[in-house]
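Listing of data.pdb, PDB, C-alpha atoms
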```pdb
ATOM      1  CA  MET V   1      16.570  10.530  55.697
ATOM      2  CA  LYS V   2      17.490   6.869  55.289
ATOM      3  CA  LYS V   3      14.956   6.454  52.450
ATOM      4  CA  THR V   4      16.273   9.631  50.788
ATOM      5  CA  ALA V   5      19.846   8.378  50.995
ATOM      6  CA  THR V   6      18.827   5.021  49.537
ATOM      7  CA  PHE V   7      16.972   6.717  46.668
ATOM      8  CA  LEU V   8      19.947   8.965  45.919
ATOM      9  CA  ALA V   9      22.295   5.996  45.952
ATOM     10  CA  ALA V  10      20.049   4.062  43.586
ATOM     11  CA  SER V  11      19.765   7.068  41.285
ATOM     12  CA  ALA V  12      23.528   7.428  41.233
ATOM     13  CA  LEU V  13      23.913   3.739  40.363
ATOM     14  CA  LEU V  14      21.399   4.017  37.502
ATOM     15  CA  ALA V  15      23.159   7.115  36.206
ATOM     16  CA  ALA V  16      26.476   5.273  36.289
ATOM     17  CA  THR V  17      25.079   2.235  34.442
ATOM     18  CA  PRO V  18      22.598   3.505  31.803
ATOM     19  CA  ALA V  19      20.378   1.017  30.007
ATOM     20  CA  VAL V  20      21.580  -0.126  26.604
ATOM     21  CA  ALA V  21      19.168   1.265  24.002
ATOM     22  CA  GLU V  22      17.813  -1.144  21.400
ATOM     23  CA  LYS V  23      16.440   0.459  18.238
ATOM     24  CA  TRP V  24      13.445  -1.151  16.516
ATOM     25  CA  ASP V  25      12.861   0.192  13.008
ATOM     26  CA  MET V  26       9.162  -0.155  12.150
ATOM     27  CA  PRO V  27       8.213  -0.107   8.438
ATOM     28  CA  LEU V  28       4.765   1.276   7.516
ATOM     29  CA  ALA V  29       3.082   1.223   4.112
ATOM     30  CA  TYR V  30       1.030   4.408   4.460
ATOM     31  CA  SER V  31       1.862   8.116   4.542
ATOM     32  CA  GLY V  32       2.982   9.708   7.782
ATOM     33  CA  SER V  33      -0.240  11.729   7.948
ATOM     34  CA  ASN V  34      -2.470   8.641   7.697
ATOM     35  CA  PHE V  35      -4.186   7.860  11.004
ATOM     36  CA  HIS V  36      -2.673   4.361  11.090
ATOM     37  CA  SER V  37       0.825   5.849  10.814
ATOM     38  CA  VAL V  38       0.038   8.513  13.425
ATOM     39  CA  THR V  39      -1.162   5.794  15.796
ATOM     40  CA  ALA V  40       1.956   3.701  15.144
ATOM     41  CA  ALA V  41       4.212   6.698  15.824
ATOM     42  CA  GLU V  42       2.440   7.316  19.144
ATOM     43  CA  PHE V  43       2.756   3.615  19.964
ATOM     44  CA  GLY V  44       6.492   3.883  19.304
ATOM     45  CA  LYS V  45       6.838   6.880  21.619
ATOM     46  CA  CYS V  46       4.845   5.062  24.303
ATOM     47  CA  VAL V  47       7.192   2.075  24.141
ATOM     48  CA  THR V  48      10.312   4.250  24.070
ATOM     49  CA  THR V  49       9.137   6.203  27.118
ATOM     50  CA  GLY V  50       7.701   3.214  28.965
ATOM     51  CA  THR V  51      10.887   1.162  28.652
ATOM     52  CA  GLY V  52      13.017   4.088  29.782
ATOM     53  CA  GLY V  53      14.687   4.179  26.384
ATOM     54  CA  GLU V  54      15.755   0.543  26.509
ATOM     55  CA  ILE V  55      13.694  -0.024  23.341
ATOM     56  CA  GLU V  56      13.338   2.842  20.880
ATOM     57  CA  ILE V  57      10.769   2.297  18.133
ATOM     58  CA  VAL V  58      11.291   4.453  15.032
ATOM     59  CA  THR V  59       8.568   4.401  12.373
ATOM     60  CA  HIS V  60       9.263   4.595   8.623
ATOM     61  CA  PRO V  61       6.026   5.527   6.743
ATOM     62  CA  SER V  62       5.169   5.582   3.029
ATOM     63  CA  GLY V  63       6.928   2.295   2.287
ATOM     64  CA  SER V  64      10.275   4.057   2.726
ATOM     65  CA  LEU V  65      11.966   1.137   4.481
ATOM     66  CA  PHE V  66      10.059  -1.768   2.899
ATOM     67  CA  LYS V  67       7.135  -1.626   0.484
ATOM     68  CA  GLY V  68       3.780  -2.733   1.874
ATOM     69  CA  GLY V  69       3.889  -6.149   0.243
ATOM     70  CA  ASP V  70       7.372  -6.837   1.659
ATOM     71  CA  ILE V  71       6.810  -5.772   5.275
ATOM     72  CA  LYS V  72       5.421  -9.044   6.607
ATOM     73  CA  ARG V  73       8.253 -11.093   5.126
ATOM     74  CA  ALA V  74      10.818  -8.592   6.414
ATOM     75  CA  VAL V  75       9.570  -8.995   9.982
ATOM     76  CA  GLN V  76       9.282 -12.793   9.682
ATOM     77  CA  THR V  77      12.909 -13.078   8.604
ATOM     78  CA  GLY V  78      14.271 -10.512  11.053
ATOM     79  CA  GLN V  79      15.138  -7.850   8.496
ATOM     80  CA  ALA V  80      12.897  -5.601  10.591
ATOM     81  CA  PRO V  81      11.991  -6.350  14.216
ATOM     82  CA  ILE V  82       8.450  -4.954  14.012
ATOM     83  CA  GLY V  83       6.041  -3.773  11.319
ATOM     84  CA  GLU V  84       2.481  -3.019  10.256
ATOM     85  CA  ARG V  85       0.642  -4.805   7.462
ATOM     86  CA  LEU V  86      -2.786  -5.218   5.895
ATOM     87  CA  LEU V  87      -2.868  -9.001   6.235
ATOM     88  CA  SER V  88      -5.588  -9.467   3.615
ATOM     89  CA  GLY V  89      -2.806  -8.700   1.155
ATOM     90  CA  HIS V  90      -1.456 -12.176   1.991
ATOM     91  CA  GLN V  91      -4.604 -14.197   1.395
ATOM     92  CA  ASN V  92      -2.684 -16.217  -1.180
ATOM     93  CA  GLU V  93      -0.645 -17.639   1.739
ATOM     94  CA  ASN V  94      -3.720 -18.562   3.747
ATOM     95  CA  PRO V  95      -7.381 -17.728   3.060
ATOM     96  CA  LEU V  96      -7.861 -16.835   6.737
ATOM     97  CA  PHE V  97      -5.793 -13.701   6.230
ATOM     98  CA  GLY V  98      -8.634 -12.413   4.050
ATOM     99  CA  VAL V  99     -11.475 -12.832   6.542
ATOM    100  CA  ASP V 100     -11.806  -9.072   7.072
ATOM    101  CA  SER V 101     -12.257  -8.492   3.333
ATOM    102  CA  ILE V 102     -15.264 -10.719   2.717
ATOM    103  CA  PRO V 103     -17.725  -8.376   0.960
ATOM    104  CA  PHE V 104     -20.775  -7.358   3.013
ATOM    105  CA  LEU V 105     -20.014  -9.718   5.914
ATOM    106  CA  ALA V 106     -19.031  -7.058   8.485
ATOM    107  CA  THR V 107     -20.068  -3.620   7.226
ATOM    108  CA  SER V 108     -19.940  -1.461  10.381
ATOM    109  CA  PHE V 109     -17.452  -0.747  13.154
ATOM    110  CA  ASP V 110     -19.488  -2.780  15.640
ATOM    111  CA  ALA V 111     -19.673  -5.737  13.270
ATOM    112  CA  SER V 112     -15.974  -5.395  12.476
ATOM    113  CA  GLU V 113     -15.136  -5.592  16.180
ATOM    114  CA  LYS V 114     -17.228  -8.753  16.583
ATOM    115  CA  LEU V 115     -15.552 -10.321  13.554
ATOM    116  CA  TRP V 116     -12.151  -9.418  14.997
ATOM    117  CA  GLU V 117     -13.021 -11.055  18.332
ATOM    118  CA  ALA V 118     -14.049 -14.216  16.487
ATOM    119  CA  THR V 119     -10.909 -14.183  14.332
ATOM    120  CA  LYS V 120      -8.161 -13.112  16.751
ATOM    121  CA  PRO V 121      -7.335 -16.458  18.456
ATOM    122  CA  THR V 122      -6.993 -18.271  15.123
ATOM    123  CA  LEU V 123      -5.003 -15.442  13.581
ATOM    124  CA  GLU V 124      -2.618 -15.248  16.533
ATOM    125  CA  GLY V 125      -1.910 -18.946  16.158
ATOM    126  CA  LEU V 126      -1.391 -18.662  12.418
ATOM    127  CA  LEU V 127       1.029 -15.761  12.826
ATOM    128  CA  ALA V 128       2.901 -17.582  15.595
ATOM    129  CA  GLU V 129       3.582 -20.407  13.145
ATOM    130  CA  GLN V 130       5.221 -17.805  10.902
ATOM    131  CA  ASN V 131       7.512 -16.431  13.623
ATOM    132  CA  LEU V 132       5.275 -13.404  14.263
ATOM    133  CA  THR V 133       3.724 -12.191  17.520
ATOM    134  CA  LEU V 134       0.602 -10.069  17.120
ATOM    135  CA  LEU V 135       0.518  -6.851  19.153
ATOM    136  CA  TYR V 136      -2.570  -4.934  18.029
ATOM    137  CA  SER V 137      -4.957  -4.319  15.153
ATOM    138  CA  VAL V 138      -6.885  -1.258  13.921
ATOM    139  CA  PRO V 139      -9.733  -1.213  11.371
ATOM    140  CA  TRP V 140      -9.960   1.010   8.347
ATOM    141  CA  PRO V 141     -13.209   2.928   7.808
ATOM    142  CA  PRO V 142     -15.846   1.220   5.628
ATOM    143  CA  GLN V 143     -14.709   0.673   2.043
ATOM    144  CA  GLY V 144     -16.346   2.540  -0.828
ATOM    145  CA  LEU V 145     -15.864   2.717  -4.596
ATOM    146  CA  TYR V 146     -13.917   5.471  -6.354
ATOM    147  CA  PHE V 147     -14.387   6.287 -10.040
ATOM    148  CA  LYS V 148     -13.623   9.056 -12.505
ATOM    149  CA  LYS V 149     -17.147   8.904 -13.902
ATOM    150  CA  GLU V 150     -20.715   8.321 -12.750
ATOM    151  CA  VAL V 151     -21.499   4.644 -12.182
ATOM    152  CA  THR V 152     -25.031   3.351 -11.686
ATOM    153  CA  SER V 153     -24.606  -0.344 -12.484
ATOM    154  CA  VAL V 154     -21.977  -3.048 -12.754
ATOM    155  CA  ALA V 155     -22.211  -2.713 -16.526
ATOM    156  CA  ASP V 156     -20.733   0.802 -16.201
ATOM    157  CA  MET V 157     -17.568  -0.739 -14.719
ATOM    158  CA  GLU V 158     -16.716  -2.835 -17.775
ATOM    159  CA  GLY V 159     -13.079  -2.346 -18.811
ATOM    160  CA  VAL V 160     -12.213   0.159 -16.065
ATOM    161  CA  LYS V 161      -8.655  -0.166 -14.733
ATOM    162  CA  PHE V 162      -9.085  -1.022 -11.055
ATOM    163  CA  ARG V 163      -6.453  -0.739  -8.323
ATOM    164  CA  SER V 164      -6.214  -4.048  -6.446
ATOM    165  CA  TYR V 165      -4.235  -4.750  -3.284
ATOM    166  CA  ASN V 166      -5.324  -8.262  -2.281
ATOM    167  CA  ASN V 167      -7.155 -11.339  -3.560
ATOM    168  CA  ALA V 168     -10.567  -9.919  -2.674
ATOM    169  CA  THR V 169     -10.096  -6.713  -4.671
ATOM    170  CA  ALA V 170      -8.658  -8.594  -7.633
ATOM    171  CA  ARG V 171     -11.620 -10.988  -7.601
ATOM    172  CA  LEU V 172     -14.058  -8.073  -7.279
ATOM    173  CA  ALA V 173     -12.519  -6.568 -10.402
ATOM    174  CA  GLU V 174     -12.927  -9.827 -12.307
ATOM    175  CA  LEU V 175     -16.564 -10.294 -11.316
ATOM    176  CA  THR V 176     -17.467  -6.730 -12.281
ATOM    177  CA  GLY V 177     -15.610  -6.785 -15.596
ATOM    178  CA  MET V 178     -12.919  -4.361 -14.466
ATOM    179  CA  LEU V 179      -9.203  -4.816 -15.088
ATOM    180  CA  PRO V 180      -7.216  -5.380 -11.863
ATOM    181  CA  VAL V 181      -3.889  -3.552 -11.503
ATOM    182  CA  THR V 182      -1.765  -4.202  -8.396
ATOM    183  CA  ILE V 183      -0.733  -0.889  -6.861
ATOM    184  CA  GLU V 184       0.776  -0.224  -3.417
ATOM    185  CA  ALA V 185      -0.748   2.477  -1.218
ATOM    186  CA  ALA V 186       2.265   4.757  -1.589
ATOM    187  CA  GLU V 187       1.854   4.681  -5.403
ATOM    188  CA  ILE V 188      -1.870   5.522  -5.576
ATOM    189  CA  SER V 189      -1.579   9.221  -6.463
ATOM    190  CA  GLN V 190       0.845   8.603  -9.300
ATOM    191  CA  ALA V 191      -1.175   5.665 -10.636
ATOM    192  CA  PHE V 192      -4.343   7.752 -10.942
ATOM    193  CA  ALA V 193      -2.506  10.794 -12.294
ATOM    194  CA  THR V 194      -0.893   8.749 -15.063
ATOM    195  CA  GLY V 195      -3.979   6.682 -15.909
ATOM    196  CA  VAL V 196      -2.465   3.393 -14.761
ATOM    197  CA  ALA V 197      -5.594   3.054 -12.613
ATOM    198  CA  GLU V 198      -9.037   4.657 -12.893
ATOM    199  CA  SER V 199     -10.878   3.209  -9.923
ATOM    200  CA  MET V 200     -10.442   1.522  -6.556
ATOM    201  CA  VAL V 201     -12.301   0.251  -3.516
ATOM    202  CA  SER V 202     -10.920   1.879  -0.397
ATOM    203  CA  SER V 203     -11.822   4.025   2.568
ATOM    204  CA  GLY V 204     -12.347   7.756   2.570
ATOM    205  CA  ALA V 205      -9.123   7.966   4.565
ATOM    206  CA  THR V 206      -6.956   6.638   1.736
ATOM    207  CA  GLY V 207      -8.615   8.890  -0.834
ATOM    208  CA  TYR V 208      -8.286  11.945   1.370
ATOM    209  CA  ASP V 209      -4.628  11.300   2.266
ATOM    210  CA  ARG V 210      -3.752  10.853  -1.405
ATOM    211  CA  LYS V 211      -5.876  13.771  -2.681
ATOM    212  CA  VAL V 212      -7.513  11.530  -5.266
ATOM    213  CA  TRP V 213      -9.940  14.320  -6.251
ATOM    214  CA  GLU V 214      -7.106  15.554  -8.459
ATOM    215  CA  SER V 215      -7.825  12.570 -10.732
ATOM    216  CA  LEU V 216     -11.156  11.007  -9.687
ATOM    217  CA  THR V 217     -14.674  12.434  -9.501
ATOM    218  CA  HIS V 218     -17.007  10.057  -7.624
ATOM    219  CA  PHE V 219     -16.987   8.192  -4.302
ATOM    220  CA  TYR V 220     -19.824   5.737  -3.663
ATOM    221  CA  GLU V 221     -20.482   4.676  -0.067
ATOM    222  CA  VAL V 222     -21.153   0.948  -0.244
ATOM    223  CA  ASP V 223     -19.622  -0.093   3.123
ATOM    224  CA  ALA V 224     -18.277  -3.254   1.526
ATOM    225  CA  TRP V 225     -15.957  -4.272   4.396
ATOM    226  CA  LEU V 226     -13.602  -2.847   7.025
ATOM    227  CA  PRO V 227     -10.141  -4.361   6.521
ATOM    228  CA  ARG V 228      -7.669  -4.184   9.379
ATOM    229  CA  ASN V 229      -4.021  -3.252   9.721
ATOM    230  CA  HIS V 230      -2.069  -5.538  12.048
ATOM    231  CA  ILE V 231       1.067  -4.712  14.014
ATOM    232  CA  PHE V 232       3.353  -7.621  14.824
ATOM    233  CA  VAL V 233       6.864  -8.253  16.099
ATOM    234  CA  ASN V 234       9.375 -10.907  15.114
ATOM    235  CA  SER V 235       8.894 -13.740  17.620
ATOM    236  CA  ASP V 236      12.645 -14.256  18.115
ATOM    237  CA  VAL V 237      13.018 -10.583  18.970
ATOM    238  CA  TRP V 238       9.987 -10.818  21.247
ATOM    239  CA  SER V 239      11.326 -13.827  23.150
ATOM    240  CA  GLY V 240      14.576 -11.928  23.697
ATOM    241  CA  THR V 241      12.713  -9.006  25.247
ATOM    242  CA  SER V 242      12.473  -8.835  29.033
ATOM    243  CA  GLU V 243       9.146  -9.630  30.644
ATOM    244  CA  THR V 244       9.023  -6.098  32.041
ATOM    245  CA  ASN V 245       9.426  -4.558  28.612
ATOM    246  CA  GLN V 246       6.984  -7.035  27.081
ATOM    247  CA  ASN V 247       4.391  -5.827  29.581
ATOM    248  CA  VAL V 248       5.093  -2.221  28.627
ATOM    249  CA  ILE V 249       4.746  -3.029  24.930
ATOM    250  CA  ARG V 250       1.479  -4.911  25.499
ATOM    251  CA  ALA V 251       0.081  -1.959  27.453
ATOM    252  CA  CYS V 252       1.113   0.494  24.738
ATOM    253  CA  ALA V 253      -0.406  -1.830  22.110
ATOM    254  CA  GLU V 254      -3.730  -1.871  23.967
ATOM    255  CA  LEU V 255      -3.749   1.934  24.048
ATOM    256  CA  ALA V 256      -2.834   2.086  20.350
ATOM    257  CA  GLU V 257      -5.663  -0.255  19.346
ATOM    258  CA  TYR V 258      -8.145   1.866  21.285
ATOM    259  CA  ALA V 259      -6.811   5.170  19.936
ATOM    260  CA  GLY V 260      -6.522   3.894  16.371
ATOM    261  CA  THR V 261     -10.072   2.562  16.361
ATOM    262  CA  TRP V 262     -11.367   5.862  17.742
ATOM    263  CA  ARG V 263      -9.456   7.742  15.036
ATOM    264  CA  SER V 264     -10.864   5.462  12.354
ATOM    265  CA  LYS V 265     -14.409   6.248  13.460
ATOM    266  CA  GLU V 266     -13.790   9.993  13.729
ATOM    267  CA  TYR V 267     -11.840  10.099  10.480
ATOM    268  CA  THR V 268     -14.717   8.618   8.504
ATOM    269  CA  GLY V 269     -16.890  11.745   8.634
ATOM    270  CA  PHE V 270     -13.914  14.058   8.344
ATOM    271  CA  THR V 271     -12.596  12.434   5.176
ATOM    272  CA  MET V 272     -16.030  12.307   3.548
ATOM    273  CA  ALA V 273     -16.241  16.070   4.027
ATOM    274  CA  GLY V 274     -12.696  16.419   2.710
ATOM    275  CA  LEU V 275     -13.487  14.521  -0.478
ATOM    276  CA  ARG V 276     -16.502  16.798  -1.047
ATOM    277  CA  GLU V 277     -14.403  19.896  -0.454
ATOM    278  CA  GLY V 278     -11.943  18.556  -3.016
ATOM    279  CA  GLY V 279     -14.759  18.574  -5.574
ATOM    280  CA  MET V 280     -15.807  14.927  -5.596
ATOM    281  CA  THR V 281     -19.395  13.710  -5.711
ATOM    282  CA  VAL V 282     -19.840  11.715  -2.489
ATOM    283  CA  GLY V 283     -22.878   9.692  -1.480
ATOM    284  CA  PRO V 284     -24.495   6.261  -1.173
ATOM    285  CA  ALA V 285     -24.576   4.030  -4.237
ATOM    286  CA  GLY V 286     -27.971   3.496  -5.846
ATOM    287  CA  ASP V 287     -30.110   0.535  -4.839
ATOM    288  CA  GLY V 288     -29.601  -1.154  -8.200
ATOM    289  CA  LEU V 289     -25.815  -1.034  -7.953
ATOM    290  CA  VAL V 290     -25.843  -2.138  -4.317
ATOM    291  CA  GLY V 291     -28.038  -5.109  -5.207
ATOM    292  CA  GLU V 292     -25.669  -6.205  -7.962
ATOM    293  CA  LEU V 293     -22.650  -5.797  -5.683
ATOM    294  CA  LYS V 294     -24.277  -7.880  -2.937
ATOM    295  CA  GLU V 295     -24.858 -10.693  -5.429
ATOM    296  CA  ILE V 296     -21.158 -10.557  -6.261
ATOM    297  CA  GLY V 297     -20.404 -10.462  -2.537
ATOM    298  CA  ALA V 298     -22.421 -13.639  -2.003
ATOM    299  CA  THR V 299     -20.360 -15.377  -4.690
ATOM    300  CA  MET V 300     -17.106 -14.217  -3.104
ATOM    301  CA  THR V 301     -18.258 -15.306   0.354
ATOM    302  CA  SER V 302     -19.025 -18.813  -0.915
ATOM    303  CA  GLU V 303     -15.637 -18.979  -2.609
ATOM    304  CA  TRP V 304     -13.846 -17.836   0.547
ATOM    305  CA  LEU V 305     -15.671 -20.321   2.759
ATOM    306  CA  GLU V 306     -14.767 -23.151   0.404
ATOM    307  CA  ALA V 307     -11.099 -22.121   0.431
ATOM    308  CA  ALA V 308     -10.914 -21.465   4.191
ATOM    309  CA  GLY V 309     -12.498 -24.781   5.172
ATOM    310  CA  GLU V 310     -13.597 -25.620   8.702
ATOM    311  CA  SER V 311     -11.494 -22.896  10.348
ATOM    312  CA  GLY V 312     -13.088 -20.225   8.188
ATOM    313  CA  ALA V 313     -16.592 -21.572   8.735
ATOM    314  CA  SER V 314     -16.028 -21.625  12.509
ATOM    315  CA  ILE V 315     -14.979 -17.972  12.495
ATOM    316  CA  VAL V 316     -17.982 -16.883  10.441
ATOM    317  CA  ASP V 317     -20.335 -18.956  12.616
ATOM    318  CA  ALA V 318     -18.908 -17.420  15.802
ATOM    319  CA  PHE V 319     -19.233 -13.955  14.300
ATOM    320  CA  LYS V 320     -22.847 -14.485  13.274
ATOM    321  CA  ALA V 321     -23.691 -15.900  16.704
ATOM    322  CA  ALA V 322     -22.356 -12.711  18.299
ATOM    323  CA  GLN V 323     -24.526 -10.477  16.114
TER
END
```
Would you give me this structure, written as structure tokens?
Amino acid sequence: MKKTATFLAASALLAATPAVAEKWDMPLAYSGSNFHSVTAAEFGKCVTTGTGGEIEIVTHPSGSLFKGGDIKRAVQTGQAPIGERLLSGHQNENPLFGVDSIPFLATSFDASEKLWEATKPTLEGLLAEQNLTLLYSVPWPPQGLYFKKEVTSVADMEGVKFRSYNNATARLAELTGMLPVTIEAAEISQAFATGVAESMVSSGATGYDRKVWESLTHFYEVDAWLPRNHIFVNSDVWSGTSETNQNVIRACAELAEYAGTWRSKEYTGFTMAGLREGGMTVGPAGDGLVGELKEIGATMTSEWLEAAGESGASIVDAFKAAQ
């Protein structure tokens, strides 16, 4: 009876002094149906529930709050407390941000995970210097090439308008003779429909979400790389968060990374089937084209290593040692 009375008294006190809710708006670059956005929304609900409503995370997909290229800066400067970003889009700030987009370095989910383990400590430190605290990261499926025509060699790519979203994709366009055009994820469908772009390197997930079969005809599986989306919080906001709530957020982030990675793996086969159902020709690239692309990849790897210096070389060495 004494324990019951104590519990009831505590409950009454909590009811009389409810926690002050803090709303965290979370900008996302991709559509609400994309598996990254679904995972982020579940992460937000986990945090909201786990903190008893003290922190409510509300996601804003499709670049509706900030465009993809502006999300990182918005979180750094406190315009948004938390956000998700493809960090390879900021390789111009630091080459290390582009480690997950080195062509043909890590071409499978297992290899991607090993590369992430080798990269994470350095990346956490780099983000901390920019007032960002890393929470979790989820890989995209392997990247393939989309075209609106059959392509059997690099020569067939000459003059094609190519959607780029980071330094690696822009450089790939240059080395293959294509014309790079910077286009955010939310603008892909319109860009292809209007002819602003005619090709891209991306996962089956992006093509499926954006119904690119309405404009494009071929998807070539080349497994070039598996870029990662990263979720981070403004470090000032993080330091002002209670240790209890930080622990809840970390736990929810761990679940989100696991769930997101699982979705990425499952989504790969599903989206390949979806592209076929949409009428696209889907399959591995020919040996000749793959050979030419790997030569280009070797050039890009050398360029990245030169730009990234000792830190980059250490990451790649650690990754290769774990293979």
- [ ] Output the residue selection produced by the PyMOL selection byres ((chain V and resi 158) around 7) on the file above, formatted as a VMD selection string.
- [x] chain V and resid 155 to 157 159 to 160 176 to 178
Task: Residue nearest V:Gly204 - candidates V:Leu127, V:Ile82, V:Met280, V:Ala191, atoms counted: only C-alpha atoms - done: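 Smallest distance to V:Gly204 is found for V:Met280.
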- [ ] Work out how far apart atom CA of V:Val233 and atom CA of V:Ala29 are and give it in Å to one decimal.
- [x]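 One can read the atom CA of V:Val233 to atom CA of V:Ala29 distance as 15.7 Å.
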- [ ] Considering all atoms listed in the file, state which residue in the set V:Ala322, V:Ala307, V:Ala313, V:Ala205 is at the smallest distance from V:Glu266.
- [x]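 Going through V:Ala322, V:Ala307, V:Ala313, V:Ala205 one by one, the smallest distance to V:Glu266 is for V:Ala205.
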TODO: With the file shown as input, list the residues that the PyMOL selection byres ((chain V and resi 246) around 12) selects, as a ChimeraX atom specification.
DONE: /V:47,50-51,54-55,133,135,233,235,237-245,247-253
Task: Residues matched by the PyMOL selection byres ((chain V and resi 142-147) around 9), written as number ranges by chain - done: V: 107-109, 139-141, 148-151, 160, 198-204, 207, 212, 216-227, 268, 284-285
Any chance you can output those residues with C-alpha atoms as a PDB file, keeping the file's coordinate frame?
```pdb
ATOM      1  CA  THR V 107     -20.068  -3.620   7.226  1.00  0.00           C
ATOM      2  CA  SER V 108     -19.940  -1.461  10.381  1.00  0.00           C
ATOM      3  CA  PHE V 109     -17.452  -0.747  13.154  1.00  0.00           C
ATOM      4  CA  PRO V 139      -9.733  -1.213  11.371  1.00  0.00           C
ATOM      5  CA  TRP V 140      -9.960   1.010   8.347  1.00  0.00           C
ATOM      6  CA  PRO V 141     -13.209   2.928   7.808  1.00  0.00           C
ATOM      7  CA  LYS V 148     -13.623   9.056 -12.505  1.00  0.00           C
ATOM      8  CA  LYS V 149     -17.147   8.904 -13.902  1.00  0.00           C
ATOM      9  CA  GLU V 150     -20.715   8.321 -12.750  1.00  0.00           C
ATOM     10  CA  VAL V 151     -21.499   4.644 -12.182  1.00  0.00           C
ATOM     11  CA  VAL V 160     -12.213   0.159 -16.065  1.00  0.00           C
ATOM     12  CA  GLU V 198      -9.037   4.657 -12.893  1.00  0.00           C
ATOM     13  CA  SER V 199     -10.878   3.209  -9.923  1.00  0.00           C
ATOM     14  CA  MET V 200     -10.442   1.522  -6.556  1.00  0.00           C
ATOM     15  CA  VAL V 201     -12.301   0.251  -3.516  1.00  0.00           C
ATOM     16  CA  SER V 202     -10.920   1.879  -0.397  1.00  0.00           C
ATOM     17  CA  SER V 203     -11.822   4.025   2.568  1.00  0.00           C
ATOM     18  CA  GLY V 204     -12.347   7.756   2.570  1.00  0.00           C
ATOM     19  CA  GLY V 207      -8.615   8.890  -0.834  1.00  0.00           C
ATOM     20  CA  VAL V 212      -7.513  11.530  -5.266  1.00  0.00           C
ATOM     21  CA  LEU V 216     -11.156  11.007  -9.687  1.00  0.00           C
ATOM     22  CA  THR V 217     -14.674  12.434  -9.501  1.00  0.00           C
ATOM     23  CA  HIS V 218     -17.007  10.057  -7.624  1.00  0.00           C
ATOM     24  CA  PHE V 219     -16.987   8.192  -4.302  1.00  0.00           C
ATOM     25  CA  TYR V 220     -19.824   5.737  -3.663  1.00  0.00           C
ATOM     26  CA  GLU V 221     -20.482   4.676  -0.067  1.00  0.00           C
ATOM     27  CA  VAL V 222     -21.153   0.948  -0.244  1.00  0.00           C
ATOM     28  CA  ASP V 223     -19.622  -0.093   3.123  1.00  0.00           C
ATOM     29  CA  ALA V 224     -18.277  -3.254   1.526  1.00  0.00           C
ATOM     30  CA  TRP V 225     -15.957  -4.272   4.396  1.00  0.00           C
ATOM     31  CA  LEU V 226     -13.602  -2.847   7.025  1.00  0.00           C
ATOM     32  CA  PRO V 227     -10.141  -4.361   6.521  1.00  0.00           C
ATOM     33  CA  THR V 268     -14.717   8.618   8.504  1.00  0.00           C
ATOM     34  CA  PRO V 284     -24.495   6.261  -1.173  1.00  0.00           C
ATOM     35  CA  ALA V 285     -24.576   4.030  -4.237  1.00  0.00           C
TER      36      ALA V 285
END
```
Task: Between atom CA of V:His90 and atom CA of V:Phe270 - distance in Å to one decimal - done: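 If I compute the distance from atom CA of V:Phe270 to atom CA of V:His90, I get 29.7 Å.
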Open item on the list: Just to confirm, what's the straight-line distance from atom CA of V:Thr281 to atom CA of V:Asn166 in Å (one decimal)?
Closed with: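 Separation between atom CA of V:Thr281 and atom CA of V:Asn166: 26.3 Å.
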- [ ] Counting only C-alpha atoms, figure out which residue out of V:Lys72, V:Arg171, V:Lys161, V:Lys23 gets nearest to V:Ile57.
- [x] V:Lys23
Open item on the list: My list of candidates is V:Tyr136, V:Tyr30, V:Phe232, V:Trp213. Which is closest to V:Ser64 when distances are computed with all atoms listed in the file?
Closed with: V:Tyr30
Residues within 8 Å of V:Ala170, only C-alpha atoms, excluding chain neighbours under 5 positions, as an mmCIF file with C-alpha atoms, in the coordinates of the input:
```
data_model
loop_
_atom_site.group_PDB
_atom_site.id
_atom_site.type_symbol
_atom_site.label_atom_id
_atom_site.label_comp_id
_atom_site.auth_asym_id
_atom_site.auth_seq_id
_atom_site.Cartn_x
_atom_site.Cartn_y
_atom_site.Cartn_z
ATOM 1 C CA SER V 164 -6.214 -4.048 -6.446
ATOM 2 C CA TYR V 165 -4.235 -4.750 -3.284
ATOM 3 C CA PRO V 180 -7.216 -5.380 -11.863
ATOM 4 C CA VAL V 181 -3.889 -3.552 -11.503
#
```
Task: Nearest residue to V:Ala259 from the set V:Thr122, V:Gly78, V:Arg276, V:Val138 (distances using all atoms listed in the file) - done: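 Using all atoms listed in the file, the shortest distance to V:Ala259 belongs to V:Val138.
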TODO: Show which residues sit within 7 Å of stretch 290-304 of chain V, as a ChimeraX atom specification. Count all atoms listed in the file, and ignore same-chain residues fewer than 3 positions away.
DONE: /V:95,102-104,154,175,222,285-287,307-308
Open item on the list: So, with all atoms listed in the file as the atoms that count, which of V:Glu187, V:Thr169, V:Leu87, V:Leu115 lies closest to V:Ser62?
Closed with: V:Glu187
- [ ] May I have the residues within 9 Å of V:Phe35 as a list in words, using all atoms listed in the file and disregarding those fewer than 6 positions away in the same chain?
- [x] Ala205, Gly260, Arg263, Ser264 and Tyr267 of chain V
Could you take the residues named above and write them with C-alpha atoms, as an mmCIF file, keeping the file's coordinate frame?
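Output saved as selection08.cif:
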```
data_model
loop_
_atom_site.group_PDB
_atom_site.id
_atom_site.type_symbol
_atom_site.label_atom_id
_atom_site.label_comp_id
_atom_site.auth_asym_id
_atom_site.auth_seq_id
_atom_site.Cartn_x
_atom_site.Cartn_y
_atom_site.Cartn_z
ATOM 1 C CA ALA V 205 -9.123 7.966 4.565
ATOM 2 C CA GLY V 260 -6.522 3.894 16.371
ATOM 3 C CA ARG V 263 -9.456 7.742 15.036
ATOM 4 C CA SER V 264 -10.864 5.462 12.354
ATOM 5 C CA TYR V 267 -11.840 10.099 10.480
#
```
Task: Protein and nucleic acid residues near (11.6, -1.7, 1.9) (cut-off 12 Å, only C-alpha atoms) as a ChimeraX atom specification - done: /V:25-29,60-75,79-80,83,186
